[in-house]
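Engineer: Please read through the structure below; I'll follow up with questions.
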Amino acid sequence: MGITRRIFLRNGVLAVVGTAAVPSFLTRAALGAGGSNTHNKRLVVIFQRGAADGLNIVVPHGEQQYYAMRPNINIPHKAVLDLDGFFGLHPSLGPFHPLWRQGHLAIVHAAGSPDTTRSHFDAQDYMESGTPGVKATEDGWLNRCLQALPRPSKKSAFRAIALGPSLPRILSGAEPAVALNSIEDFTIGGRSQKASSLANTFEAMYDHSLDAMLHGSGEQTFDAMKMLKSADPAKYKPAPGADYPRGRFGDSLRQLAQLIKANLGVQVAFADIGGWDHHVNEGSTEGQIANVLREFSESLAAFWTDLGDLGEDTVIVTMSEFGRTARENGNRGTDHGHANVMFVLGGPVKGGKVYGRWPGLDQSQLYEGRDLALTTDFRQVLGEAVARHMENKNLNEVFPRHENQSSKFLKLLG
Amino acid sequence: MRLRRTQLVVSVLCLILAYAAPQLLAGKKDKPPEATQNERKRALHALNRLTFGPRPGDVPAVLNMGVDKWIDRQLHPDKINDKALETRLAPFRTLRMDVHEILENFPDQRRAREVMEGKRSMPSDPAQRAVYQVLIARLEEKQERRADGGGTGAASDGHGAHADNRGFSSPAAAGEHTDPPTDTNPSADKTGETRGRADSSGSAAMAEGNANTANANNTDNSNAVAAPEANHAAGVFAEMKPTPGQDAKARNREDRLYADLKVRQLIDLPPNQRFKQVLEMSQQEQRALADSLRGGKGQEFLEGMDAKQKETLLAMSAPLLIVGEELAEAKLMRAIYSDRQLEEVMTDFWFNHFNVFIGKGADRFLVTVYERDVIRPHVLGNFEDLLVATAKSPAMLFYLDNWMSVGPNSLVASGVPSRPMRPNGPYRRRYPGRFPPPGRNPNARGKRNSGLNENYGRELMELHTLSVNGGYSQRDVTEVAKVFTGWTIDKPEEGGGFRFDPRMHEPGSKFVLGHKIKDKGEGEGRDVLHLLATRPQTAHFISLQLAQRFVADDPPDALVDRMAKTFLKKKGDIREVLSTLFYSPEFWAEGAYRAKVKTPLEFVASAVRATGVDVTDAMQLTRQLNNMGMALYGMQPPTGYSMKAETWVNSSALLGRMNFAVALTSSKVRGAKLDSTQLMRNGPPPTDATQALAALENALLAGDVSKQTHDSVAARLKDPKISQRKVDDPMRPADISTIAGLLLGSPEFQRR
């Protein structure tokens, strides 16, 4: 019975992919047949590159110290979107507020990588490899996360996808992963008649090639192209109310939603947003940080709206390589710090709560006397998503050299 | 010598046997004599491994000389005349400059600020002056804006955000951004420097993780082969979102519009006058023009100017970027046109082995010299010499942070000031890329506990010598780090050289790998380098890496062992190790033939070489490499690029290659023009498509093409739509460029 169901599911999903005009309830039915099938579960990782200022993002407005240390760039009490009387959202995170109230959005504060480096590239590298302090790791944890998962019978070319021109560290590794800059351009030679005949010839070459490696990769490439063509993700217009802001991040998430909605078998996905390195004139309720936060929250909220029911099987986690100094600097900015804030959004998320132990901002409580101390290792958060949501219990493979006890999970997934 | 010859005979016999056996079994066919066929294959194999791919005519030339003699010649590059290459490299002035000249001609913001503040005089050469003027104009604008921003307390100006967005786009930013709060405006430092970084080394930016606005709008990808600048231009202008009421921004915008007009006016003038006019512009005009030149009209505007003029105008926008661009373009030119191919392959190998990242702080102006004077002279020389040269090079000292590593019990750590200033106070820790702020008292914040930086010590053993499994412990890492304390750079921001600073050096004996290293200052480092260079683990690791590069991703153990033996016996003589490799049966084994998947660099260079495309401007080719994930000098982690197939075979990479193949052969890559008559060996293109296919298979794949590839292309030529054209016009030449593009995108061309 199980087998029959699975075959039905497989063929069903493929059939849906193959036909453009299938009503959406059928799509949902095909997916629904999977039930708790992990194939339909998705983990989306967002990287805020450049070290976001967590203290001005989820503001500890109950801390007097916070205001004392940031005379010019604090977020005033009045402006904060209060969460629980102690923490509040930056006013540019307005689109997050309803998600929080509906219980879809959880926050982990004072989280991040335990490595003490304050180098952007080392710290990003560590968070992508999932092995802080170890540079020799060749692959990324999001790729390793897939390695132990059961493969879909027909391997989807879009199982692992990064929005961007090349494959980021986090997705590199043994599992095939696709870097896609734009759906439109994932083709050979453009869209002309000639281009499509070129693509056919290339496909024939690779299809028949006895070169196992290139044959495999070629097959995957042309599968992906064909899947894209027949699923025509471009026809999945954003759902009503999903208003993506202009800019690369919004574009990335809009296209990611298209791929997910087109049923291309996306299991893990990655997108990033830069512009967080505010050493100078960071701003407070307005200014640089306000602008980038607006783009960040509007894009993610639109993505969430756009996913609709598919959001039930989706967990979105955000991270940044490290936080910023608790005190503002002489240029009304902040310098490289330590712990930061992470957002976790999704169907299975027990939201509406700030997780993690708050270490405090008194001088003695600061890390090295200057930064928010770290109380949650980012791998505790990611590990929970990998183990409980993606159902990959093999955490020691995903996060080697880390104590991966489930007792350390924050239990933010239901 | 005798041994070598015996090996040769054995290997030839192996090949003949491997090749002949199936033929015999399959029954005799009408073929040229086996030996000739084998010799051809040998020549092709040697060319595939010792060069960046065979050019038309290379196989016969090697056969003519004799494969072994040719290999020997490649092992002695000084015997090979490379004059033609020199002409190709002539336009890249930075290749011949020392660090000081580079900084003088292509100043960073720091230097420009010194000129602005009168601490350094403005150069008298009008071209150089223009470069400084633009930087200064930006600095002044920045200051003005900061003054404004200070008043309102909330700087919401778009340019500020934009500066920040791209701030991190520069790898340099990662370093310079770490300035402590007391330092002067750090992010202003990079505004100019990082412009265009996103598209000039896209994947570097990617690796190091930034999504800046310019990048965001730059939908540069492998399909947009011919026009990424246009996209970039769109990005540049899209960034300009003025908020009403902000004077500076409005003015900025006006300047740009004006500059845009000016560009259009000047574009019709002869190149020399155009250039002269630019030099006569006001500082503000120059700044605005510089910004717009990195955009779409840039290329048109530069058309017809000489190398120095072009360089100057591009430098006005982002001086230090020029250095990396010239380096990357020159590297491609060398890979494509040098006749000392093995030397180029080995330079690439060793640079990658001792990787430094051009995006990190001072390495922006140190890498040119690093490759030229540190790596290149030793690529076929002695390993220990090479190791020592890298250890002492400012580029490596900076890249792996050793220049700022301070012994916990050193004089500096206990409060005696050092020169130059050491990182300091609570901000001292691991600030790669940071220049010490001038004039600060290192004692102001009291005694530091430890400034030991283990970065170099670790990578020295893990990546440069012993390998990760080379049997060292964390304790060894710390001890080696102590040994190298004091190995620093004399004024890194000024482009100074190596200096040993005894005040930073950790006193006392150290223990490394069970050996006592006696307390003797700078000499300790030499002792450790000697120890490491002569370890069997190092011999094995270097041999393994060479075998991976030249033979297979997983080379036979026996081969690696033999190479390691040579390494130890010949005291790290690289040429000898390569001889062992090239004259080994494993190198010539049937299984090694086309066993390696080309890296993007190898793919692009070999495609250009095979087609005989004439490259007049390599910039577009370097951008193609960025798109394929192999930005030259843009590998941020110290591991260097992987030479293994799995890294380079994936969907996006394959699409990138097929698109590049098609773009190159249809001359859609700017600066690289295909001459199809040249490609067809000077004959007129055959009107018969099948003949054309056969000729191209010979030219591009040395005739060794799989049946599958051949049939796929042949089937396409028989397609009714295509054959109809032939019926309509029997004299119509075959579509050479399409056939060539298909062959370059074929599975077999992805291998070497």
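Within each chain, counting starts at residue 1; across the structure tokens, chains are named A, B, ... in the order shown, with ligands numbered 1 upward in that order.
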Write out as a PyMOL selection string every residue belonging to chain A that has an atom at most 6 Å from any atom of chain B, counting only C-alpha atoms.
Structural biologist: chain A and resi 49+120-121+166+178-179+188-189+201+204-205+208-209+217+221+248+273-275+281+283+287-288+329-330
Engineer: List every residue of stretch 168-284 of chain A that DSSP, applied to the backbone of this structure, places in alpha helix (DSSP H), and write the result as a ChimeraX atom specification.
Structural biologist: /A:193-208,212-231,248-261
Engineer: For a quick check of understanding, using only C-alpha atoms, which of B:Trp70, B:Tyr370, B:Phe749, B:Phe275 has the smallest distance to B:Ala605?
Structural biologist: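 The shortest atom-to-atom distance to B:Ala605 comes from B:Phe749.
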Engineer: Pick the closest to B:Ala692 from B:Leu679, B:Met404, B:Ala43, B:Ile267: which is it, counting only C-alpha atoms?
Structural biologist: B:Leu679
Engineer: Which of these, A:Asn143, A:Asn56, A:Thr334, A:Ser182, has the shortest distance to A:Leu93 once you count only C-alpha atoms?
Structural biologist: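 Looking at the shortest contact to A:Leu93, the residue is A:Asn56.
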Engineer: Quick one: everything within 12 Å of B:Ala127, counting only C-alpha atoms, minus sequence neighbours fewer than 2 positions away in the same chain. Send it as number ranges by chain.
Structural biologist: B: 105-106, 122-125, 129-134, 275-281, 286, 308-316
Engineer: Just list the residues in stretch 496-690 of chain B DSSP gives strand (DSSP E or B) on the backbone, as a VMD selection string.
Structural biologist: chain B and resid 498 to 500 510 to 512 515 to 517 573 597 614 to 615 672 to 673
Engineer: Using N, CA and C atoms, can you write the selected residues to a file as a CSV table (one decimal), in the first residue's frame?
Structural biologist:
chain,number,residue,atom,x,y,z
B,498,PHE,N,59.2,42.9,4.2
B,498,PHE,CA,59.3,42.1,5.4
B,498,PHE,C,60.2,42.8,6.4
B,499,ARG,N,59.9,42.6,7.6
B,499,ARG,CA,60.7,43.1,8.7
B,499,ARG,C,60.6,42.2,9.9
B,500,PHE,N,61.7,41.9,10.5
B,500,PHE,CA,61.6,41.1,11.8
B,500,PHE,C,61.6,42.1,12.9
B,510,LYS,N,61.0,26.9,21.6
B,510,LYS,CA,59.7,26.4,21.2
B,510,LYS,C,59.9,24.9,20.9
B,511,PHE,N,58.8,24.2,20.9
B,511,PHE,CA,58.8,22.8,20.5
B,511,PHE,C,57.9,22.5,19.4
B,512,VAL,N,58.4,22.1,18.2
B,512,VAL,CA,57.6,21.9,17.0
B,512,VAL,C,57.8,20.5,16.6
B,515,HIS,N,60.6,18.7,17.9
B,515,HIS,CA,61.9,19.2,17.8
B,515,HIS,C,62.0,20.5,18.6
B,516,LYS,N,63.1,20.7,19.3
B,516,LYS,CA,63.3,21.9,20.1
B,516,LYS,C,63.8,23.0,19.1
B,517,ILE,N,63.1,24.1,19.1
B,517,ILE,CA,63.6,25.2,18.3
B,517,ILE,C,64.2,26.2,19.3
B,573,ASP,N,63.5,19.5,-5.1
B,573,ASP,CA,63.7,20.0,-6.4
B,573,ASP,C,62.4,19.7,-7.2
B,597,VAL,N,38.7,16.7,-15.3
B,597,VAL,CA,37.8,17.7,-15.8
B,597,VAL,C,38.4,19.1,-15.7
B,614,ASP,N,41.5,35.5,-31.4
B,614,ASP,CA,42.4,36.5,-31.1
B,614,ASP,C,41.9,37.4,-30.0
B,615,VAL,N,42.5,37.4,-28.9
B,615,VAL,CA,42.0,38.2,-27.7
B,615,VAL,C,42.7,39.6,-27.7
B,672,ALA,N,37.3,39.2,-28.0
B,672,ALA,CA,37.8,37.9,-28.4
B,672,ALA,C,37.1,37.5,-29.7
B,673,LYS,N,37.8,37.7,-30.8
B,673,LYS,CA,37.1,37.5,-32.1
B,673,LYS,C,37.6,36.2,-32.8
Engineer: Skipping near chain neighbours, those fewer than 4 positions away, what residues fall within 10 Å of B:Met563 using only C-alpha atoms, listed as an MDAnalysis selection string?
Structural biologist: chainID B and resid 539:540 542:544 546:547 557:559 567:569 574 576:581 584
Engineer: Output N, CA and C atoms for every residue in that selection, as a PDB file, in the first residue's frame.
Structural biologist:
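Saved the output as out_0.pdb:
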ATOM      1  N   ALA B 539      56.663  16.005   1.587  1.00  0.00           N
ATOM      2  CA  ALA B 539      57.021  15.420   0.290  1.00  0.00           C
ATOM      3  C   ALA B 539      55.814  14.692  -0.298  1.00  0.00           C
ATOM      4  N   HIS B 540      55.113  13.985   0.548  1.00  0.00           N
ATOM      5  CA  HIS B 540      53.959  13.226   0.095  1.00  0.00           C
ATOM      6  C   HIS B 540      52.824  14.165  -0.323  1.00  0.00           C
ATOM      7  N   ILE B 542      52.872  17.364  -1.266  1.00  0.00           N
ATOM      8  CA  ILE B 542      53.156  18.122  -2.485  1.00  0.00           C
ATOM      9  C   ILE B 542      53.071  17.189  -3.704  1.00  0.00           C
ATOM     10  N   SER B 543      53.592  15.983  -3.561  1.00  0.00           N
ATOM     11  CA  SER B 543      53.537  15.026  -4.668  1.00  0.00           C
ATOM     12  C   SER B 543      52.094  14.681  -5.008  1.00  0.00           C
ATOM     13  N   LEU B 544      51.309  14.483  -3.963  1.00  0.00           N
ATOM     14  CA  LEU B 544      49.905  14.154  -4.174  1.00  0.00           C
ATOM     15  C   LEU B 544      49.206  15.284  -4.937  1.00  0.00           C
ATOM     16  N   LEU B 546      50.530  17.562  -6.870  1.00  0.00           N
ATOM     17  CA  LEU B 546      50.991  17.624  -8.259  1.00  0.00           C
ATOM     18  C   LEU B 546      50.353  16.514  -9.085  1.00  0.00           C
ATOM     19  N   ALA B 547      50.285  15.322  -8.501  1.00  0.00           N
ATOM     20  CA  ALA B 547      49.693  14.197  -9.228  1.00  0.00           C
ATOM     21  C   ALA B 547      48.205  14.450  -9.473  1.00  0.00           C
ATOM     22  N   ASP B 557      48.660   5.498  -5.666  1.00  0.00           N
ATOM     23  CA  ASP B 557      49.588   5.661  -4.541  1.00  0.00           C
ATOM     24  C   ASP B 557      51.037   5.446  -4.956  1.00  0.00           C
ATOM     25  N   ALA B 558      51.234   4.434  -5.798  1.00  0.00           N
ATOM     26  CA  ALA B 558      52.606   4.093  -6.176  1.00  0.00           C
ATOM     27  C   ALA B 558      53.295   5.285  -6.827  1.00  0.00           C
ATOM     28  N   LEU B 559      52.548   5.982  -7.644  1.00  0.00           N
ATOM     29  CA  LEU B 559      53.106   7.158  -8.311  1.00  0.00           C
ATOM     30  C   LEU B 559      53.465   8.234  -7.288  1.00  0.00           C
ATOM     31  N   PHE B 567      61.283  13.740  -4.256  1.00  0.00           N
ATOM     32  CA  PHE B 567      61.228  15.005  -3.519  1.00  0.00           C
ATOM     33  C   PHE B 567      62.259  15.002  -2.380  1.00  0.00           C
ATOM     34  N   LEU B 568      62.274  13.916  -1.629  1.00  0.00           N
ATOM     35  CA  LEU B 568      63.188  13.852  -0.488  1.00  0.00           C
ATOM     36  C   LEU B 568      64.639  13.713  -0.946  1.00  0.00           C
ATOM     37  N   LYS B 569      64.819  12.843  -1.938  1.00  0.00           N
ATOM     38  CA  LYS B 569      66.179  12.573  -2.411  1.00  0.00           C
ATOM     39  C   LYS B 569      66.790  13.824  -3.048  1.00  0.00           C
ATOM     40  N   ILE B 574      61.682  20.758  -7.510  1.00  0.00           N
ATOM     41  CA  ILE B 574      60.360  20.581  -8.125  1.00  0.00           C
ATOM     42  C   ILE B 574      60.478  20.020  -9.542  1.00  0.00           C
ATOM     43  N   GLU B 576      62.677  18.031 -10.689  1.00  0.00           N
ATOM     44  CA  GLU B 576      62.954  16.589 -10.603  1.00  0.00           C
ATOM     45  C   GLU B 576      61.679  15.804 -10.280  1.00  0.00           C
ATOM     46  N   VAL B 577      60.883  16.358  -9.377  1.00  0.00           N
ATOM     47  CA  VAL B 577      59.636  15.665  -9.013  1.00  0.00           C
ATOM     48  C   VAL B 577      58.731  15.579 -10.237  1.00  0.00           C
ATOM     49  N   LEU B 578      58.691  16.670 -10.998  1.00  0.00           N
ATOM     50  CA  LEU B 578      57.864  16.656 -12.203  1.00  0.00           C
ATOM     51  C   LEU B 578      58.397  15.662 -13.229  1.00  0.00           C
ATOM     52  N   SER B 579      59.725  15.554 -13.321  1.00  0.00           N
ATOM     53  CA  SER B 579      60.316  14.578 -14.240  1.00  0.00           C
ATOM     54  C   SER B 579      59.848  13.174 -13.883  1.00  0.00           C
ATOM     55  N   THR B 580      59.934  12.862 -12.598  1.00  0.00           N
ATOM     56  CA  THR B 580      59.456  11.556 -12.149  1.00  0.00           C
ATOM     57  C   THR B 580      58.008  11.355 -12.588  1.00  0.00           C
ATOM     58  N   LEU B 581      57.235  12.409 -12.420  1.00  0.00           N
ATOM     59  CA  LEU B 581      55.818  12.336 -12.776  1.00  0.00           C
ATOM     60  C   LEU B 581      55.623  12.122 -14.284  1.00  0.00           C
ATOM     61  N   SER B 584      56.562   8.728 -15.715  1.00  0.00           N
ATOM     62  CA  SER B 584      56.025   7.550 -15.028  1.00  0.00           C
ATOM     63  C   SER B 584      54.999   6.845 -15.912  1.00  0.00           C
TER      64      SER B 584
END
Engineer: Against stretch 389-393 of chain A, which residues of stretch 103-151 of chain A fall within 7 Å? For each one I want the closest pair of atoms and the distance in Å (one decimal), counting only C-alpha atoms, rows by chain and increasing residue number, as a tab-separated table.
Structural biologist:
residue	atom	partner	partner_atom	distance
A:Cys145	CA	A:Asn392	CA	6.9
A:Ala148	CA	A:Asn392	CA	6.4
A:Leu149	CA	A:Asn392	CA	6.0
Engineer: Please report the interatomic distance between atom CA of A:Glu298 and atom CA of A:Ala242 in Å with one decimal.
Structural biologist: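 Separation between atom CA of A:Glu298 and atom CA of A:Ala242: 9.0 Å.
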Engineer: As an MDAnalysis selection string, please: the residues near stretch 486-490 of chain B (cut-off 8 Å, only C-alpha atoms, same-chain neighbours under 2 positions excluded).
Structural biologist: chainID B and resid 392 394 397:398 402:407 419:420 484 492 495:506 522
Engineer: Can you tell me which residues surround A:Thr318 at a distance of at most 12 Å, considering only C-alpha atoms, apart from same-chain residues fewer than 2 positions away, and format the answer as an NGL selection string?
Structural biologist: :A and (43-49 or 51-52 or 54 or 105-109 or 111-112 or 127 or 269-273 or 296-297 or 300 or 315-316 or 320-321 or 340-346 or 378 or 381-382 or 385)
Engineer: Could you please determine the separation between atom CA of B:Arg334 and atom CA of B:Ala589 in Å, to one decimal place?
Structural biologist: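 Result for atom CA of B:Arg334 versus atom CA of B:Ala589: 29.2 Å, one decimal.
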Engineer: Which residues are close to B:Arg732, i.e. within 10 Å by only C-alpha atoms, leaving aside same-chain residues fewer than 5 positions away? Reply as a ChimeraX atom specification.
Structural biologist: /B:685-689,725-727
